[in-house]
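Coordinates as given in data.cif (mmCIF, C-alpha atoms and all ligand atoms):
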```cif
data_work
#
loop_
_atom_site.label_atom_id
_atom_site.label_comp_id
_atom_site.auth_asym_id
_atom_site.auth_seq_id
_atom_site.Cartn_x
_atom_site.Cartn_y
_atom_site.Cartn_z
CA MET A 1 114.44 166.15 94.10
CA LYS A 2 112.18 168.56 95.93
CA THR A 3 109.73 167.15 98.41
CA ILE A 4 106.34 168.48 99.34
CA THR A 5 104.28 167.96 102.43
CA PHE A 6 101.54 165.50 101.56
CA GLY A 7 98.51 167.39 102.83
CA GLN A 8 97.27 166.45 106.25
CA THR A 9 99.45 163.34 106.49
CA GLY A 10 102.33 165.64 107.44
CA VAL A 11 104.70 163.33 105.53
CA ASP A 12 107.08 164.75 102.92
CA VAL A 13 106.90 162.99 99.54
CA SER A 14 108.79 163.46 96.26
CA ALA A 15 107.34 166.26 94.12
CA ILE A 16 107.46 163.88 91.12
CA CYS A 17 106.05 160.37 91.46
CA LEU A 18 107.25 157.53 89.19
CA GLY A 19 104.57 155.36 87.61
CA THR A 20 105.55 151.70 87.24
CA MET A 21 102.56 150.36 85.29
CA GLU A 22 104.59 148.70 82.52
CA PHE A 23 107.47 147.40 84.63
CA GLY A 24 107.38 143.62 84.78
CA THR A 25 105.61 143.38 81.40
CA ALA A 26 106.16 145.74 78.43
CA ILE A 27 109.41 147.34 79.62
CA SER A 28 112.49 145.12 79.89
CA LYS A 29 114.08 144.39 83.25
CA ASP A 30 117.29 146.24 82.31
CA LYS A 31 115.50 149.40 81.19
CA SER A 32 113.15 149.32 84.17
CA TYR A 33 116.08 149.01 86.59
CA GLU A 34 117.90 151.83 84.78
CA VAL A 35 114.85 154.08 85.13
CA LEU A 36 114.19 153.12 88.76
CA ASP A 37 117.86 153.62 89.68
CA MET A 38 118.04 156.98 87.93
CA TYR A 39 114.86 158.17 89.63
CA PHE A 40 116.27 157.05 93.01
CA GLU A 41 119.70 158.64 92.38
CA ASN A 42 117.91 161.90 91.61
CA GLY A 43 116.22 161.75 95.00
CA GLY A 44 112.90 160.23 93.87
CA ARG A 45 111.25 158.07 96.51
CA PHE A 46 107.57 157.87 95.45
CA LEU A 47 106.42 154.90 93.31
CA ASP A 48 102.93 154.31 91.94
CA THR A 49 101.58 150.86 91.08
CA ALA A 50 98.28 148.90 91.26
CA ASN A 51 97.15 145.31 91.71
CA ILE A 52 95.94 145.20 88.07
CA TYR A 53 99.22 146.36 86.42
CA ALA A 54 99.44 145.28 83.78
CA HIS A 55 97.25 142.24 83.09
CA TRP A 56 96.16 143.58 79.68
CA LEU A 57 99.69 143.71 78.28
CA GLU A 58 101.38 140.75 76.65
CA GLY A 59 102.72 138.38 79.31
CA GLY A 60 100.84 140.23 82.05
CA LYS A 61 98.54 138.57 84.58
CA GLY A 62 98.14 141.39 87.10
CA GLY A 63 100.45 142.06 90.01
CA ASP A 64 103.43 142.03 87.64
CA SER A 65 104.44 145.61 88.43
CA GLU A 66 104.05 145.10 92.18
CA ALA A 67 106.21 141.97 92.11
CA PHE A 68 108.76 143.79 89.98
CA ILE A 69 109.20 146.82 92.22
CA GLY A 70 109.27 144.53 95.27
CA GLN A 71 112.22 142.71 93.70
CA TRP A 72 113.94 146.00 92.84
CA MET A 73 113.60 147.21 96.44
CA ARG A 74 115.05 143.93 97.75
CA ASP A 75 117.94 144.09 95.30
CA ARG A 76 118.70 147.68 96.27
CA GLY A 77 117.92 147.25 99.97
CA ASN A 78 115.96 150.50 99.96
CA ARG A 79 112.43 149.60 101.06
CA GLY A 80 112.77 151.81 104.14
CA GLU A 81 113.43 154.87 101.97
CA MET A 82 110.59 154.41 99.51
CA PHE A 83 106.99 155.63 99.64
CA ILE A 84 104.94 152.95 97.85
CA ALA A 85 101.44 153.53 96.53
CA THR A 86 99.23 150.76 95.16
CA LYS A 87 95.51 150.38 94.38
CA LEU A 88 92.54 148.05 94.11
CA GLY A 89 89.10 148.35 92.61
CA PHE A 90 89.25 147.39 88.94
CA ASP A 91 88.67 143.92 87.48
CA MET A 92 91.66 141.69 86.99
CA PRO A 93 92.00 137.96 86.32
CA GLY A 94 90.59 136.18 89.38
CA GLU A 95 89.18 139.34 90.93
CA THR A 96 85.97 141.22 90.16
CA GLY A 97 86.80 144.83 90.83
CA THR A 98 84.81 146.10 93.80
CA LEU A 99 85.44 147.92 97.06
CA ARG A 100 83.68 145.26 99.11
CA PRO A 101 85.28 144.66 102.52
CA ASP A 102 86.39 141.12 101.64
CA ALA A 103 88.06 142.36 98.44
CA ILE A 104 89.77 145.23 100.29
CA LYS A 105 91.17 142.82 102.83
CA SER A 106 92.29 140.09 100.46
CA GLU A 107 93.64 142.38 97.72
CA CYS A 108 95.70 144.26 100.28
CA GLU A 109 97.22 140.97 101.49
CA SER A 110 97.96 139.93 97.90
CA SER A 111 99.65 143.26 97.14
CA LEU A 112 101.76 143.06 100.30
CA GLN A 113 102.80 139.52 99.42
CA ARG A 114 103.66 140.33 95.82
CA MET A 115 105.81 143.27 96.89
CA GLY A 116 107.25 141.39 99.86
CA ILE A 117 106.61 144.29 102.23
CA ASP A 118 104.78 144.65 105.55
CA THR A 119 103.02 147.96 104.96
CA ILE A 120 101.67 149.86 101.97
CA ASP A 121 102.40 153.57 102.36
CA LEU A 122 99.43 154.73 100.32
CA TYR A 123 96.51 152.46 99.39
CA TYR A 124 94.08 153.78 96.82
CA ALA A 125 90.55 152.97 95.88
CA HIS A 126 91.35 152.83 92.14
CA ARG A 127 87.79 153.86 91.34
CA ASP A 128 84.57 154.67 93.14
CA ASP A 129 82.30 151.64 93.70
CA GLN A 130 78.76 152.92 94.00
CA GLU A 131 77.32 149.41 94.42
CA THR A 132 78.98 148.85 97.79
CA PRO A 133 77.80 151.07 100.65
CA LEU A 134 80.49 153.65 101.36
CA GLU A 135 80.48 152.86 105.08
CA GLU A 136 81.41 149.25 104.41
CA SER A 137 84.37 150.13 102.18
CA LEU A 138 85.60 152.92 104.43
CA LYS A 139 85.41 150.80 107.56
CA ALA A 140 87.40 148.04 105.85
CA PHE A 141 90.02 150.55 104.72
CA ASP A 142 90.22 151.91 108.27
CA GLU A 143 90.81 148.41 109.62
CA LEU A 144 93.82 148.06 107.34
CA VAL A 145 95.25 151.30 108.74
CA ALA A 146 94.49 150.29 112.33
CA GLY A 147 96.12 146.92 111.69
CA GLY A 148 99.31 148.52 110.35
CA LYS A 149 98.88 147.08 106.84
CA VAL A 150 98.45 150.54 105.31
CA ARG A 151 99.68 153.98 106.40
CA PHE A 152 97.47 156.30 104.32
CA LEU A 153 94.42 156.01 102.06
CA GLY A 154 93.89 157.61 98.67
CA ALA A 155 91.07 157.92 96.15
CA SER A 156 91.37 157.72 92.37
CA ASN A 157 88.81 158.40 89.64
CA PHE A 158 86.32 159.94 92.04
CA MET A 159 83.83 162.75 91.59
CA ALA A 160 84.20 165.63 94.04
CA TRP A 161 80.87 165.04 95.79
CA ARG A 162 81.57 161.36 96.38
CA LEU A 163 85.05 162.13 97.66
CA GLU A 164 83.71 164.69 100.11
CA ARG A 165 80.92 162.36 101.22
CA ALA A 166 83.46 159.61 101.86
CA ARG A 167 85.78 161.89 103.82
CA ASP A 168 82.85 163.22 105.80
CA LEU A 169 81.72 159.69 106.71
CA SER A 170 85.22 158.67 107.75
CA ARG A 171 85.58 161.74 109.96
CA ALA A 172 82.17 161.18 111.56
CA ASN A 173 83.15 157.61 112.44
CA GLY A 174 86.68 158.40 113.53
CA TRP A 175 88.09 156.33 110.64
CA ALA A 176 91.20 157.05 108.59
CA GLU A 177 90.10 159.18 105.64
CA TYR A 178 91.23 159.53 102.03
CA CYS A 179 94.25 161.86 102.10
CA CYS A 180 94.69 162.55 98.37
CA LEU A 181 93.12 162.17 94.95
CA GLN A 182 94.70 160.73 91.80
CA GLN A 183 92.98 161.63 88.49
CA ARG A 184 93.74 161.87 84.79
CA HIS A 185 95.26 165.29 84.07
CA SER A 186 97.38 167.00 81.47
CA TYR A 187 97.71 170.46 79.93
CA LEU A 188 95.30 169.52 77.13
CA ARG A 189 91.67 169.27 78.16
CA LEU A 190 89.01 166.79 77.15
CA GLN A 191 86.86 168.30 74.43
CA ALA A 192 83.37 169.31 75.49
CA GLY A 193 80.94 166.39 75.55
CA THR A 194 83.63 163.70 75.73
CA THR A 195 84.62 161.46 78.63
CA PHE A 196 87.31 158.96 79.45
CA THR A 197 85.09 156.78 81.65
CA PRO A 198 86.00 155.07 83.94
CA GLN A 199 88.94 157.45 84.13
CA LEU A 200 87.98 160.83 85.58
CA THR A 201 89.89 164.06 85.13
CA ILE A 202 90.89 166.91 87.40
CA ASN A 203 88.52 169.79 86.73
CA GLU A 204 87.87 173.30 88.09
CA ASP A 205 85.64 171.90 90.79
CA LEU A 206 88.39 169.63 92.10
CA MET A 207 91.03 172.36 91.80
CA ALA A 208 88.91 174.60 94.02
CA TYR A 209 88.27 171.74 96.44
CA SER A 210 91.96 170.86 96.67
CA ARG A 211 92.95 174.53 97.16
CA ALA A 212 90.38 175.13 99.87
CA GLU A 213 91.10 171.89 101.75
CA GLY A 214 94.87 171.70 101.29
CA PHE A 215 94.06 168.30 99.79
CA PRO A 216 96.83 166.92 97.53
CA MET A 217 96.10 165.81 93.98
CA LEU A 218 98.19 163.66 91.66
CA ALA A 219 98.03 163.59 87.86
CA TYR A 220 98.26 160.39 85.87
CA THR A 221 98.96 160.35 82.13
CA PRO A 222 100.44 163.86 82.43
CA LEU A 223 102.29 163.63 79.10
CA LEU A 224 99.55 161.88 77.16
CA GLY A 225 101.84 159.11 76.01
CA GLY A 226 104.37 161.60 74.64
CA CYS A 227 101.83 163.21 72.27
CA TYR A 228 103.19 166.73 72.86
CA VAL A 229 106.34 165.85 70.94
CA ARG A 230 106.03 162.49 69.24
CA GLU A 231 104.89 161.76 65.72
CA ASP A 232 104.50 158.06 66.57
CA ARG A 233 101.82 158.74 69.20
CA GLN A 234 98.25 159.74 68.39
CA LEU A 235 96.25 161.99 70.64
CA PRO A 236 93.15 160.18 71.89
CA ALA A 237 90.05 161.39 70.03
CA GLN A 238 88.71 163.05 73.20
CA TYR A 239 91.49 165.63 73.00
CA LEU A 240 91.30 166.44 69.29
CA GLY A 241 90.19 169.99 68.55
CA VAL A 242 91.17 173.63 68.17
CA ASP A 243 91.56 174.02 71.92
CA SER A 244 94.25 171.32 71.96
CA ASP A 245 95.97 172.68 68.85
CA ASN A 246 96.24 176.09 70.48
CA ARG A 247 97.50 174.66 73.74
CA ILE A 248 100.15 172.52 72.03
CA GLN A 249 101.32 175.63 70.19
CA ALA A 250 101.42 177.59 73.45
CA ALA A 251 103.54 174.90 75.15
CA ARG A 252 105.89 174.71 72.16
CA LYS A 253 106.22 178.50 71.90
CA LEU A 254 107.03 178.99 75.56
CA GLY A 255 109.39 176.01 75.45
CA GLY A 256 111.19 177.61 72.50
CA LEU A 257 111.59 180.87 74.43
CA LEU A 258 112.87 179.19 77.58
CA GLY A 259 114.99 176.45 76.00
CA ALA A 260 112.67 173.85 77.48
CA THR A 261 110.81 170.96 75.85
CA PRO A 262 107.00 170.99 75.58
CA ASN A 263 106.93 168.06 78.03
CA GLN A 264 108.83 170.13 80.57
CA ILE A 265 106.46 173.06 80.08
CA VAL A 266 103.48 170.76 80.68
CA LEU A 267 105.00 169.28 83.84
CA ALA A 268 106.12 172.68 85.16
CA TRP A 269 102.65 174.11 84.49
CA MET A 270 100.96 171.46 86.64
CA MET A 271 103.60 171.39 89.37
CA GLN A 272 103.43 175.17 89.71
CA SER A 273 99.67 175.52 89.44
CA ASP A 274 97.57 176.61 92.41
CA PRO A 275 97.23 174.11 94.01
CA PRO A 276 100.43 172.34 92.87
CA ILE A 277 99.83 168.89 91.42
CA ILE A 278 102.17 165.91 91.69
CA PRO A 279 102.70 164.37 88.23
CA ILE A 280 103.03 160.61 87.94
CA ILE A 281 105.52 160.28 85.13
CA ALA A 282 106.29 156.99 83.41
CA THR A 283 108.85 155.87 80.88
CA GLY A 284 111.03 152.97 79.82
CA ASN A 285 113.60 155.35 78.35
CA PRO A 286 116.23 156.81 80.69
CA GLU A 287 116.73 159.82 78.38
CA HIS A 288 113.05 160.67 78.66
CA LEU A 289 113.29 160.34 82.43
CA ARG A 290 116.26 162.72 82.47
CA GLU A 291 114.26 165.23 80.42
CA ASN A 292 111.22 164.91 82.68
CA LEU A 293 113.16 165.22 85.93
CA ALA A 294 114.94 168.35 84.67
CA VAL A 295 111.61 170.16 85.04
CA GLU A 296 112.77 170.84 88.58
CA ASN A 297 115.10 173.51 87.17
CA LEU A 298 112.34 175.28 85.28
CA GLN A 299 110.55 178.05 87.14
CA LEU A 300 107.67 179.69 85.24
CA THR A 301 106.62 183.25 86.04
CA ALA A 302 103.09 184.13 87.06
CA GLU A 303 102.61 185.72 83.62
CA GLN A 304 103.80 182.61 81.81
CA LEU A 305 101.49 180.40 83.88
CA ALA A 306 98.59 182.73 83.19
CA GLU A 307 99.33 182.71 79.46
CA LEU A 308 99.39 178.92 79.43
CA ASP A 309 96.12 178.82 81.37
CA ALA A 310 94.50 181.19 78.92
CA ALA A 311 95.55 179.36 75.74
CA GLY A 312 92.70 177.57 73.96
CA ILE A 313 89.29 178.63 72.81
CA CYS A 314 87.21 178.52 75.97
CA GLY A 315 88.42 181.83 77.35
CA GLU A 316 87.65 183.59 74.09
CA ARG A 317 84.20 182.02 73.98
CA ASN A 318 83.38 183.15 77.49
CA MET A 319 84.50 186.65 76.63
CA VAL A 320 82.10 186.69 73.71
CA LEU A 321 79.26 185.41 75.87
CA ILE A 322 79.67 188.01 78.61
CA SER A 323 80.57 191.01 76.44
N1 LIG A 401 94.74 155.91 88.63
C1 LIG A 401 94.57 155.53 87.38
O1 LIG A 401 93.45 155.20 86.96
C2 LIG A 401 95.76 155.50 86.46
C3 LIG A 401 95.58 155.35 85.07
C4 LIG A 401 96.70 155.33 84.23
C5 LIG A 401 97.98 155.46 84.77
N2 LIG A 401 98.14 155.58 86.13
C6 LIG A 401 99.51 155.73 86.73
O2 LIG A 401 100.15 156.83 86.12
C7 LIG A 401 101.40 156.43 85.55
C8 LIG A 401 101.66 157.24 84.30
O3 LIG A 401 100.62 157.00 83.37
P1 LIG A 401 100.86 156.96 81.80
O4 LIG A 401 101.83 155.89 81.44
O5 LIG A 401 99.50 156.92 81.21
O6 LIG A 401 101.57 158.42 81.62
P2 LIG A 401 102.03 159.23 80.32
O7 LIG A 401 102.12 160.65 80.69
O8 LIG A 401 101.19 158.84 79.16
O9 LIG A 401 103.54 158.76 80.11
C9 LIG A 401 103.97 157.53 79.62
C10 LIG A 401 104.23 157.52 78.13
O10 LIG A 401 104.82 158.75 77.70
C11 LIG A 401 106.05 158.52 77.01
N3 LIG A 401 107.00 159.53 77.51
C12 LIG A 401 107.30 159.82 78.79
N4 LIG A 401 108.20 160.83 78.85
C13 LIG A 401 108.47 161.17 77.57
C14 LIG A 401 109.32 162.13 76.99
N5 LIG A 401 110.08 162.95 77.72
N6 LIG A 401 109.34 162.23 75.63
C15 LIG A 401 108.59 161.40 74.87
N7 LIG A 401 107.77 160.46 75.36
C16 LIG A 401 107.70 160.35 76.72
C17 LIG A 401 106.48 157.12 77.41
O11 LIG A 401 107.17 156.48 76.36
P3 LIG A 401 108.71 156.02 76.56
O12 LIG A 401 108.67 154.81 77.43
O13 LIG A 401 109.17 155.78 75.17
O14 LIG A 401 109.42 157.17 77.23
C18 LIG A 401 105.16 156.43 77.71
O15 LIG A 401 104.62 155.84 76.53
C19 LIG A 401 101.27 154.91 85.34
O16 LIG A 401 102.52 154.26 85.32
C20 LIG A 401 100.43 154.53 86.53
O17 LIG A 401 101.26 154.38 87.66
C21 LIG A 401 97.05 155.63 86.97
#
```

Show me, as structure tokens, the structure contained in the file I just sent.
Amino acid sequence: MKTITFGQTGVDVSAICLGTMEFGTAISKDKSYEVLDMYFENGGRFLDTANIYAHWLEGGKGGDSEAFIGQWMRDRGNRGEMFIATKLGFDMPGETGTLRPDAIKSECESSLQRMGIDTIDLYYAHRDDQETPLEESLKAFDELVAGGKVRFLGASNFMAWRLERARDLSRANGWAEYCCLQQRHSYLRLQAGTTFTPQLTINEDLMAYSRAEGFPMLAYTPLLGGCYVREDRQLPAQYLGVDSDNRIQAARKLGGLLGATPNQIVLAWMMQSDPPIIPIIATGNPEHLRENLAVENLQLTAEQLAELDAAGICGERNMVLIS
């Protein structure tokens, strides 16, 4: 698998990250191990989890995914090769989701213990906490880095201005700063006037910010639960509309021309966008993983990327407005 330099950290990470949200709960141990092993054999080294995964699923209590990947790394003896990202900030049983210093400290310890590791490679604020003064959260995060508990810090579900304010404060105080942003992102766009709160999406503002700053972004839910191809999955209401219909058609048409699946077109489109975005793919089906990883062999031309960008109704609307 290709690697890319992770912004200002200078570290090379896998160009495709594997999400592990349902490991340890909804996806069986055998299937999860098959998927993890296949990802690893293909060169993948970047895993995404969170303290809350996946307390809302049957049998889940939170920390299930962390414990599961910790066990997998022990069984495979590969901790030293993996780049492990986890998060805190949302409610889970026994923990009110905040970015208060005490929560940052204790949740980090709990995550380390559940995974059985000494250091978290990338520790995210899973959401912005506007009730806790930024300085307090950022100082606590910095102490984790200074104490060797965490290597790098990330932000997730942040607005651009809050992200920049946080980074600015960290720099002014000489603290470790957020090195990347993880948001909801796929080829389909939320329809005007809808939100996915508390999940926030990548938008034009963040694309420009990331491009200008060389600041890496990661996309969660890149395949929208398989909705590009699956009859058994319903698009969330926020995506329903002509814009989405046109974009699905565009992905299918280009896929047909190139002998690629719509999922591969979607992943290639985001990985080859400017700036390139790291997708966090997730599956309990090894065949789906194989399909998703094969995106590495799919190079889109500048014209094809531009055509995909232009599909939808917004471009046409703007043309009408300015003509
Ligand atoms: N920061 C945040 O707030 C946040 C929020 C949500 C998720 N995440 C992270 O992002 C990761 C991915 O999120 P997600 O699960 O929402 O992503 P997703 O893009 O919706 O992908 C997962 C779903 O897509 C299906 N799928 C995957 N590949 C497929 C293929 N080739 N063909 C058909 N169906 C396919 C999977 O079903 P099968 O199992 O049947 O393949 C699964 O139901 C999570 O594991 C987590 O680590 C972060």

Checklist line | Site check for ligand LIG 401 (chain A): residues at most 7 Å away, all atoms listed in the file, as number ranges by chain | finding: A: 18-22, 48-49, 126, 156-157, 182-184, 199, 220-226, 229-230, 263, 280-285, 288-289, 291-292

Would you put the residues from that selection into a file with C-alpha atoms, as a compact mmCIF listing (two decimals), in the frame of the given file?
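What ended up in selection-v1.txt:
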```txt
# COMPACT_ATOMS: atom_id res chain seq x y z
CA LEU A 18 107.25 157.53 89.19
CA GLY A 19 104.57 155.36 87.61
CA THR A 20 105.55 151.70 87.24
CA MET A 21 102.56 150.36 85.29
CA GLU A 22 104.59 148.70 82.52
CA ASP A 48 102.93 154.31 91.94
CA THR A 49 101.58 150.86 91.08
CA HIS A 126 91.35 152.83 92.14
CA SER A 156 91.37 157.72 92.37
CA ASN A 157 88.81 158.40 89.64
CA GLN A 182 94.70 160.73 91.80
CA GLN A 183 92.98 161.63 88.49
CA ARG A 184 93.74 161.87 84.79
CA GLN A 199 88.94 157.45 84.13
CA TYR A 220 98.26 160.39 85.87
CA THR A 221 98.96 160.35 82.13
CA PRO A 222 100.44 163.86 82.43
CA LEU A 223 102.29 163.63 79.10
CA LEU A 224 99.55 161.88 77.16
CA GLY A 225 101.84 159.11 76.01
CA GLY A 226 104.37 161.60 74.64
CA VAL A 229 106.34 165.85 70.94
CA ARG A 230 106.03 162.49 69.24
CA ASN A 263 106.93 168.06 78.03
CA ILE A 280 103.03 160.61 87.94
CA ILE A 281 105.52 160.28 85.13
CA ALA A 282 106.29 156.99 83.41
CA THR A 283 108.85 155.87 80.88
CA GLY A 284 111.03 152.97 79.82
CA ASN A 285 113.60 155.35 78.35
CA HIS A 288 113.05 160.67 78.66
CA LEU A 289 113.29 160.34 82.43
CA GLU A 291 114.26 165.23 80.42
CA ASN A 292 111.22 164.91 82.68
```

Item checked: Computed interatomic separation between atom CA of Tyr228 of chain A and atom CA of Leu47 of chain A (Å) -> 23.8 Å

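Note that the spacing between atom CA of Tyr187 of chain A and atom CA of Leu305 of chain A amounts to 11.3 Å.
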
Check: Skipping near chain neighbours, those fewer than 3 positions away, what residues fall within 7 Å of Gly43 of chain A using only C-alpha atoms, listed as a count of residues only?
Finding: 3

Next item on the list: Please identify all polymer residues within 10 Å of Met38 of chain A, counting only C-alpha atoms, omitting same-chain residues fewer than 5 positions from it, and present them as a ChimeraX atom specification.
Entry: /A:32-33,43-44,286,289-290,293

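Across A:Ser14, A:Thr5, A:Ser137, A:Asn78, the tightest approach to Asp102 of chain A is made by A:Ser137 when counting all atoms listed in the file.
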
Next item on the list: Kindly give the distance, in Å, that separates atom CA of Ser65 of chain A and atom CA of Val150 of chain A, rounded to a single decimal.
Entry: 18.6 Å

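Residues in contact range of segment 116-119 of chain A, defined as at most 8 Å between all atoms listed in the file, with sequence neighbours fewer than 6 positions away removed, read Ala67, Gly70, Arg79, Gly148, Lys149, Val150 and Arg151 of chain A.
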
For segment 272-277 of chain A: contacts at 6 Å, all atoms listed in the file, fewer than 6 positions along chain excluded, given as a PDB file with C-alpha atoms, keeping the file's coordinate frame:
```
ATOM      1  CA  ARG A 211      92.950 174.530  97.160  1.00  0.00           C
ATOM      2  CA  MET A 217      96.100 165.810  93.980  1.00  0.00           C
ATOM      3  CA  LEU A 218      98.190 163.660  91.660  1.00  0.00           C
TER       4      LEU A 218
END
```

Next item on the list: Could you tell me which of A:Ile4, A:Leu153, A:Leu254, A:Ala310 comes closest to Cys17 of chain A if we count all atoms listed in the file?
Entry: A:Ile4

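Excluding Gly241 of chain A and any residue on its chain fewer than 2 positions from it, the residues at most 12 Å away by all atoms listed in the file are Leu188, Arg189, Leu190, Gln191, Ala192, Thr194, Leu235, Pro236, Ala237, Gln238, Tyr239, Asp243, Ser244, Asp245, Asn246, Arg247, Ile248, Gly312, Ile313 and Cys314 of chain A.
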
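Of the residues listed (A:Ile16, A:Leu138, A:Ile69, A:Ile202), A:Ile69 shows the shortest atom-to-atom separation from Asp37 of chain A; distances use only C-alpha atoms.
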
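Closest to Phe90 of chain A among A:Phe68, A:Phe152, A:Tyr53, A:Tyr123 is A:Tyr53, based on all atoms listed in the file.
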
Where's the centre, and what are the edge lengths in Å to one decimal, of a box along x, y and z enclosing all listed atoms of segment 150-167 of chain A padded 4 Å per side, as JSON?
```
{"center_x": 90.3, "center_y": 158.1, "center_z": 98.0, "size_x": 26.8, "size_y": 23.1, "size_z": 24.8}
```
